[in-house]
$ cat coords.cif   # mmCIF, C-alpha atoms
data_target
#
loop_
_atom_site.label_atom_id
_atom_site.label_comp_id
_atom_site.auth_asym_id
_atom_site.auth_seq_id
_atom_site.Cartn_x
_atom_site.Cartn_y
_atom_site.Cartn_z
CA MET A 188 -69.34 90.67 153.22
CA GLU A 189 -70.87 92.50 150.26
CA LYS A 190 -74.20 92.49 152.06
CA ILE A 191 -72.57 94.00 155.15
CA PHE A 192 -71.04 96.88 153.18
CA GLU A 193 -74.25 97.51 151.25
CA ASN A 194 -76.31 97.60 154.44
CA ASN A 195 -73.78 99.94 155.99
CA LYS A 196 -74.13 102.41 153.12
CA LYS A 197 -77.93 102.31 153.39
CA TRP A 198 -77.71 102.89 157.15
CA VAL A 199 -75.38 105.88 156.72
CA GLU A 200 -77.75 107.35 154.14
CA LEU A 201 -80.72 106.85 156.45
CA LYS A 202 -79.00 108.51 159.40
CA LEU A 203 -77.83 111.48 157.34
CA ASN A 204 -81.34 111.98 156.04
CA GLU A 205 -82.58 112.07 159.62
CA ASP A 206 -79.80 114.35 160.85
CA PRO A 207 -77.04 115.69 158.54
CA ASP A 208 -74.83 116.25 161.61
CA TYR A 209 -75.42 112.77 163.09
CA PHE A 210 -71.90 111.36 162.68
CA ASN A 211 -70.17 114.64 163.56
CA LYS A 212 -71.97 114.57 166.90
CA LEU A 213 -70.97 110.97 167.57
CA ALA A 214 -67.34 111.67 166.69
CA LYS A 215 -67.07 114.25 169.48
CA GLY A 216 -67.06 111.58 172.20
CA GLN A 217 -69.24 109.41 174.40
CA THR A 218 -70.91 109.93 177.77
CA PRO A 219 -72.81 106.67 178.36
CA ARG A 220 -74.96 106.31 181.45
CA TYR A 221 -74.77 102.51 181.44
CA LEU A 222 -72.19 99.76 181.35
CA TYR A 223 -73.75 96.56 180.01
CA ILE A 224 -72.04 93.23 180.71
CA GLY A 225 -73.92 90.66 178.68
CA CYS A 226 -73.78 87.37 176.88
CA SER A 227 -72.29 87.17 173.39
CA ASP A 228 -75.50 85.61 172.07
CA SER A 229 -76.34 87.14 168.69
CA ARG A 230 -80.08 87.21 169.39
CA ILE A 231 -79.85 90.11 171.83
CA PRO A 232 -79.37 93.50 170.09
CA ILE A 233 -79.04 95.46 173.31
CA ASN A 234 -79.65 98.93 171.87
CA GLU A 235 -82.88 97.73 170.28
CA VAL A 236 -83.96 95.81 173.39
CA THR A 237 -83.45 98.85 175.62
CA GLY A 238 -84.51 101.52 173.14
CA THR A 239 -81.20 103.34 173.50
CA GLY A 240 -79.04 104.94 170.87
CA PRO A 241 -75.31 105.06 170.08
CA GLY A 242 -73.31 106.57 172.93
CA GLU A 243 -75.76 105.61 175.67
CA ILE A 244 -74.50 102.12 176.60
CA PHE A 245 -70.89 101.01 176.99
CA VAL A 246 -70.85 97.28 176.19
CA HIS A 247 -68.82 94.25 177.20
CA ARG A 248 -69.84 90.76 176.10
CA ASN A 249 -68.57 87.26 176.75
CA ILE A 250 -69.93 83.72 176.90
CA ALA A 251 -72.65 83.57 179.59
CA ASN A 252 -72.13 87.15 180.87
CA MET A 253 -69.37 86.27 183.31
CA VAL A 254 -67.49 88.53 185.73
CA VAL A 255 -64.24 86.65 186.30
CA HIS A 256 -61.66 88.28 188.52
CA THR A 257 -58.75 87.18 186.35
CA ASP A 258 -60.32 88.46 183.12
CA MET A 259 -58.20 91.51 182.31
CA ASN A 260 -60.44 92.36 179.37
CA LEU A 261 -63.49 92.67 181.61
CA LEU A 262 -61.56 94.49 184.33
CA SER A 263 -60.13 96.98 181.84
CA VAL A 264 -63.59 97.73 180.48
CA LEU A 265 -64.96 98.06 184.01
CA GLN A 266 -62.24 100.43 185.17
CA TYR A 267 -62.55 102.61 182.08
CA ALA A 268 -66.34 102.74 182.38
CA VAL A 269 -66.29 103.59 186.09
CA GLU A 270 -63.26 105.84 186.41
CA VAL A 271 -63.16 107.59 183.02
CA LEU A 272 -66.67 107.46 181.57
CA LYS A 273 -68.29 107.79 185.02
CA VAL A 274 -71.19 105.46 184.23
CA LYS A 275 -74.07 105.61 186.67
CA ASP A 276 -75.54 102.12 186.24
CA ILE A 277 -73.78 98.80 185.67
CA ILE A 278 -75.89 95.96 184.31
CA VAL A 279 -75.08 92.26 184.25
CA CYS A 280 -77.62 90.73 181.88
CA GLY A 281 -78.12 87.05 181.13
CA HIS A 282 -80.87 85.33 179.22
CA TYR A 283 -83.01 82.23 179.45
CA GLY A 284 -81.92 79.56 177.01
CA CYS A 285 -78.25 80.48 177.38
CA GLY A 286 -76.09 77.92 175.58
CA GLY A 287 -73.10 78.57 177.83
CA VAL A 288 -75.11 77.89 180.97
CA ALA A 289 -76.59 74.75 179.41
CA ALA A 290 -73.13 73.52 178.44
CA ALA A 291 -71.84 74.08 181.97
CA ALA A 292 -74.77 72.13 183.38
CA SER A 293 -73.79 69.09 181.32
CA ASN A 294 -70.82 66.75 181.69
CA LYS A 295 -69.83 66.97 178.05
CA GLN A 296 -66.50 68.29 176.79
CA PHE A 297 -66.54 71.24 174.40
CA GLY A 298 -62.84 72.07 174.13
CA LEU A 299 -61.09 75.23 175.24
CA ILE A 300 -64.32 76.78 176.48
CA ASP A 301 -64.54 74.12 179.21
CA ASN A 302 -62.05 76.18 181.22
CA TRP A 303 -64.38 79.20 181.03
CA LEU A 304 -67.45 77.13 181.87
CA ARG A 305 -65.80 75.94 185.09
CA ASN A 306 -66.82 79.29 186.54
CA ILE A 307 -70.48 78.43 185.96
CA LYS A 308 -69.96 74.97 187.43
CA ASP A 309 -68.88 76.78 190.61
CA VAL A 310 -72.28 78.48 190.61
CA ILE A 311 -73.90 75.04 190.34
CA ARG A 312 -71.81 73.80 193.26
CA LEU A 313 -72.79 76.76 195.42
CA HIS A 314 -76.50 76.31 194.73
CA GLU A 315 -76.73 72.55 194.19
CA PRO A 316 -79.40 71.84 196.86
CA GLU A 317 -81.78 74.40 195.33
CA LEU A 318 -81.12 73.23 191.77
CA LEU A 319 -81.59 69.54 192.66
CA SER A 320 -84.94 70.37 194.24
CA ILE A 321 -86.26 71.57 190.85
CA LYS A 322 -87.43 68.47 189.01
CA ASP A 323 -88.41 70.09 185.71
CA GLU A 324 -85.25 70.37 183.57
CA GLU A 325 -86.30 73.55 181.78
CA GLN A 326 -87.21 75.30 185.02
CA ARG A 327 -83.96 74.15 186.59
CA HIS A 328 -82.02 75.61 183.67
CA ARG A 329 -83.94 78.90 183.93
CA ARG A 330 -83.12 79.09 187.62
CA LEU A 331 -79.45 78.37 186.94
CA VAL A 332 -79.43 81.28 184.47
CA GLU A 333 -80.77 83.53 187.24
CA LEU A 334 -78.34 82.21 189.85
CA ASN A 335 -75.45 82.78 187.47
CA ILE A 336 -76.50 86.40 186.98
CA ILE A 337 -76.76 86.86 190.73
CA GLU A 338 -73.29 85.44 191.33
CA GLN A 339 -71.78 87.62 188.60
CA VAL A 340 -73.28 90.76 190.14
CA LEU A 341 -71.79 89.70 193.47
CA ASN A 342 -68.46 89.07 191.75
CA LEU A 343 -68.71 92.56 190.31
CA SER A 344 -69.29 94.04 193.76
CA LYS A 345 -66.15 92.32 195.08
CA THR A 346 -63.78 93.96 192.58
CA SER A 347 -61.47 96.65 193.87
CA ILE A 348 -62.77 98.91 191.09
CA ILE A 349 -66.33 98.81 192.40
CA GLN A 350 -65.33 98.88 196.05
CA ASN A 351 -63.29 102.03 195.48
CA ALA A 352 -66.12 103.54 193.47
CA MET A 353 -68.53 102.89 196.34
CA GLN A 354 -66.50 105.32 198.46
CA SER A 355 -67.20 108.15 196.03
CA ASP A 356 -70.00 110.71 196.36
CA ASN A 357 -71.95 109.25 193.45
CA PRO A 358 -71.19 105.52 193.19
CA PRO A 359 -72.62 103.45 190.31
CA LYS A 360 -75.60 101.21 190.96
CA LEU A 361 -75.37 97.51 190.15
CA TYR A 362 -78.17 95.54 188.50
CA GLY A 363 -78.75 91.94 187.52
CA LEU A 364 -81.21 91.55 184.64
CA VAL A 365 -82.51 88.50 182.83
CA TYR A 366 -83.81 88.65 179.26
CA ASP A 367 -86.54 86.34 178.06
CA LEU A 368 -86.01 85.59 174.38
CA SER A 369 -89.53 84.20 174.03
CA GLU A 370 -91.10 87.46 175.25
CA GLY A 371 -88.51 90.13 174.54
CA LEU A 372 -88.78 91.45 178.09
CA LEU A 373 -86.09 92.32 180.62
CA ARG A 374 -86.62 91.52 184.31
CA ASP A 375 -84.74 92.96 187.28
CA LEU A 376 -83.60 90.24 189.71
CA ASN A 377 -83.06 92.86 192.46
CA VAL A 378 -79.83 91.11 193.35
CA LEU A 379 -78.28 93.40 195.93
CA GLU A 380 -81.62 94.20 197.57
CA GLN A 381 -82.48 90.53 198.08
CA SER A 382 -79.05 89.17 198.96
CA ASP A 383 -77.32 89.48 202.32
CA TYR A 384 -74.27 87.78 200.84
CA MET A 385 -72.00 90.81 200.87
CA LYS A 386 -73.10 91.79 204.36
CA ARG A 387 -72.29 88.32 205.68
CA TYR A 388 -68.87 88.26 204.03
CA GLU A 389 -68.01 91.94 204.09
CA HIS A 390 -65.22 91.28 206.58
CA ILE A 391 -63.55 89.07 203.93
CA TYR A 392 -64.16 90.92 200.68
CA SER A 393 -64.20 94.60 201.63
CA LEU A 394 -61.06 96.60 200.89
CA GLU A 395 -59.88 99.67 202.77
CA GLN A 396 -58.71 102.62 200.73
CA ASP A 397 -55.20 103.93 201.21
CA ALA A 398 -55.02 106.81 203.65
#
$ encode --input "coords.cif" --output "structure tokens"
Amino acid sequence: MEKIFENNKKWVELKLNEDPDYFNKLAKGQTPRYLYIGCSDSRIPINEVTGTGPGEIFVHRNIANMVVHTDMNLLSVLQYAVEVLKVKDIIVCGHYGCGGVAAAASNKQFGLIDNWLRNIKDVIRLHEPELLSIKDEEQRHRRLVELNIIEQVLNLSKTSIIQNAMQSDNPPKLYGLVYDLSEGLLRDLNVLEQSDYMKRYEHIYSLEQDA
């Protein structure tokens, strides 16, 4: 921990040298444009990856960037970001080489996290024919990472928070991104543009607002 505190002091000194009013400005509040829902993987420093600064991205992380409808932590973050912070873009971002996705693709037991990984196994079940058609294991895993991102964006679009927001004059836009650790690049999967999923099942998932 000594290293953490020492680095913190150096960082504060650096920022104050750049702008003596830096921390006073931050303390006044935040108006982020983005909500980022990403994996907890420590190799992805999202502000550095996106070239954004403090106050620009509201962040929620969990194992394998999941949007689970019973996760009150995620839903609380989502509601606050949409209804209070008025974010304009909501990003679900996964990454190739995701340990959580790899664990879900196996039949091994890992303990408590197995209950969380069941949600990814549902993604495998939904897309099993496509995944079985990919013979190369690495490519199959990469595709599963992408399919998981797609399903989480769709899960996001099903929430009452997003459905209510879509009735507003300036609804947030939803994005599914994948990050390639070996290249450092983000790629847009164009989830909602390419998928007719919500159109096909709109009669099931759409919610009417109270009159």
$ closest_residue --input "coords.cif" --among "A:Ile250, A:Ile191, A:Val279, A:Ala292" --to "Glu325 (chain A)" --atoms "all atoms listed in the file"
A:Ala292
$ resolve_selection --input "coords.cif" --expression "the PyMOL selection byres ((chain A and resi 283) around 12)" --output "VMD selection string"
chain A and resid 226 228 230 to 231 251 280 to 282 284 to 289 325 to 336 364 to 374
$ residues_near_point --input "coords.cif" --point "(-76.0, 98.8, 193.5)" --cutoff "9 Å" --atoms "only C-alpha atoms" --output "PyMOL selection string"
chain A and resi 276-277+344+353+358-362+378-380
$ resolve_selection --input "coords.cif" --expression "the PyMOL selection byres ((chain A and resi 352) around 12)" --output "PyMOL selection string"
chain A and resi 265-271+273-277+343-351+353-361+394-396
$ resolve_selection --input "coords.cif" --expression "the PyMOL selection byres ((chain A and resi 301-308) around 9)" --output "VMD selection string"
chain A and resid 250 to 251 253 255 287 to 288 290 to 292 295 to 300 309 to 313 335
$ atom_distance --input "coords.cif" --atom1 "CA of Val236 (chain A)" --atom2 "CA of Asp208 (chain A)"
25.3 Å
$ residues_near_point --input "coords.cif" --point "(-75.1, 109.7, 168.2)" --cutoff "8 Å" --atoms "all atoms listed in the file" --output "VMD selection string"
chain A and resid 209 to 210 212 to 213 240 to 242
$ write_last_selection --input "coords.cif" --atoms "C-alpha atoms" --output "PDB file, in the frame of the given file"
ATOM      1  CA  TYR A 209     -75.420 112.770 163.090  1.00  0.00           C
ATOM      2  CA  PHE A 210     -71.900 111.360 162.680  1.00  0.00           C
ATOM      3  CA  LYS A 212     -71.970 114.570 166.900  1.00  0.00           C
ATOM      4  CA  LEU A 213     -70.970 110.970 167.570  1.00  0.00           C
ATOM      5  CA  GLY A 240     -79.040 104.940 170.870  1.00  0.00           C
ATOM      6  CA  PRO A 241     -75.310 105.060 170.080  1.00  0.00           C
ATOM      7  CA  GLY A 242     -73.310 106.570 172.930  1.00  0.00           C
TER       8      GLY A 242
END
$ atom_distance --input "coords.cif" --atom1 "CA of Asn252 (chain A)" --atom2 "CA of Pro232 (chain A)"
14.5 Å
$ atom_distance --input "coords.cif" --atom1 "CA of Asn342 (chain A)" --atom2 "CA of Asp323 (chain A)"
28.2 Å
$ axis_aligned_box --input "coords.cif" --around "region 306-324 of chain A" --padding-each-side "5 Å" --output "AutoDock Vina command-line options"
--center_x -77.6 --center_y 73.9 --center_z 190.2 --size_x 31.6 --size_y 20.8 --size_z 23.3
$ closest_residue --input "coords.cif" --among "A:Ile337, A:Ile224, A:Leu262, A:Leu272" --to "Arg248 (chain A)" --atoms "all atoms listed in the file"
A:Ile224
$ build_atoms --input "coords.cif" --residues "region 346-358 of chain A" --atoms "N, CA and C atoms" --output "PDB file, in the frame of the given file"
ATOM      1  N   THR A 346     -64.981  93.419 193.228  1.00  0.00           N
ATOM      2  CA  THR A 346     -63.780  93.960 192.580  1.00  0.00           C
ATOM      3  C   THR A 346     -63.308  95.221 193.278  1.00  0.00           C
ATOM      4  N   SER A 347     -62.017  95.437 193.262  1.00  0.00           N
ATOM      5  CA  SER A 347     -61.470  96.650 193.870  1.00  0.00           C
ATOM      6  C   SER A 347     -61.982  97.897 193.159  1.00  0.00           C
ATOM      7  N   ILE A 348     -62.259  97.772 191.865  1.00  0.00           N
ATOM      8  CA  ILE A 348     -62.770  98.910 191.090  1.00  0.00           C
ATOM      9  C   ILE A 348     -64.104  99.394 191.640  1.00  0.00           C
ATOM     10  N   ILE A 349     -65.004  98.457 191.878  1.00  0.00           N
ATOM     11  CA  ILE A 349     -66.330  98.810 192.400  1.00  0.00           C
ATOM     12  C   ILE A 349     -66.237  99.221 193.865  1.00  0.00           C
ATOM     13  N   GLN A 350     -65.428  98.526 194.638  1.00  0.00           N
ATOM     14  CA  GLN A 350     -65.330  98.880 196.050  1.00  0.00           C
ATOM     15  C   GLN A 350     -64.764 100.282 196.236  1.00  0.00           C
ATOM     16  N   ASN A 351     -63.798 100.657 195.417  1.00  0.00           N
ATOM     17  CA  ASN A 351     -63.290 102.030 195.480  1.00  0.00           C
ATOM     18  C   ASN A 351     -64.339 103.028 195.018  1.00  0.00           C
ATOM     19  N   ALA A 352     -65.082 102.649 193.984  1.00  0.00           N
ATOM     20  CA  ALA A 352     -66.120 103.540 193.470  1.00  0.00           C
ATOM     21  C   ALA A 352     -67.225 103.774 194.495  1.00  0.00           C
ATOM     22  N   MET A 353     -67.486 102.773 195.336  1.00  0.00           N
ATOM     23  CA  MET A 353     -68.530 102.890 196.340  1.00  0.00           C
ATOM     24  C   MET A 353     -68.186 103.918 197.422  1.00  0.00           C
ATOM     25  N   GLN A 354     -66.914 104.308 197.484  1.00  0.00           N
ATOM     26  CA  GLN A 354     -66.500 105.320 198.460  1.00  0.00           C
ATOM     27  C   GLN A 354     -66.667 106.733 197.922  1.00  0.00           C
ATOM     28  N   SER A 355     -67.045 106.835 196.646  1.00  0.00           N
ATOM     29  CA  SER A 355     -67.200 108.150 196.030  1.00  0.00           C
ATOM     30  C   SER A 355     -68.557 108.758 196.392  1.00  0.00           C
ATOM     31  N   ASP A 356     -68.737 110.020 196.045  1.00  0.00           N
ATOM     32  CA  ASP A 356     -70.000 110.710 196.360  1.00  0.00           C
ATOM     33  C   ASP A 356     -71.163 110.208 195.532  1.00  0.00           C
ATOM     34  N   ASN A 357     -70.877 109.702 194.333  1.00  0.00           N
ATOM     35  CA  ASN A 357     -71.950 109.250 193.450  1.00  0.00           C
ATOM     36  C   ASN A 357     -71.593 107.894 192.850  1.00  0.00           C
ATOM     37  N   PRO A 358     -71.629 106.832 193.665  1.00  0.00           N
ATOM     38  CA  PRO A 358     -71.190 105.520 193.190  1.00  0.00           C
ATOM     39  C   PRO A 358     -72.185 104.930 192.184  1.00  0.00           C
TER      40      PRO A 358
END
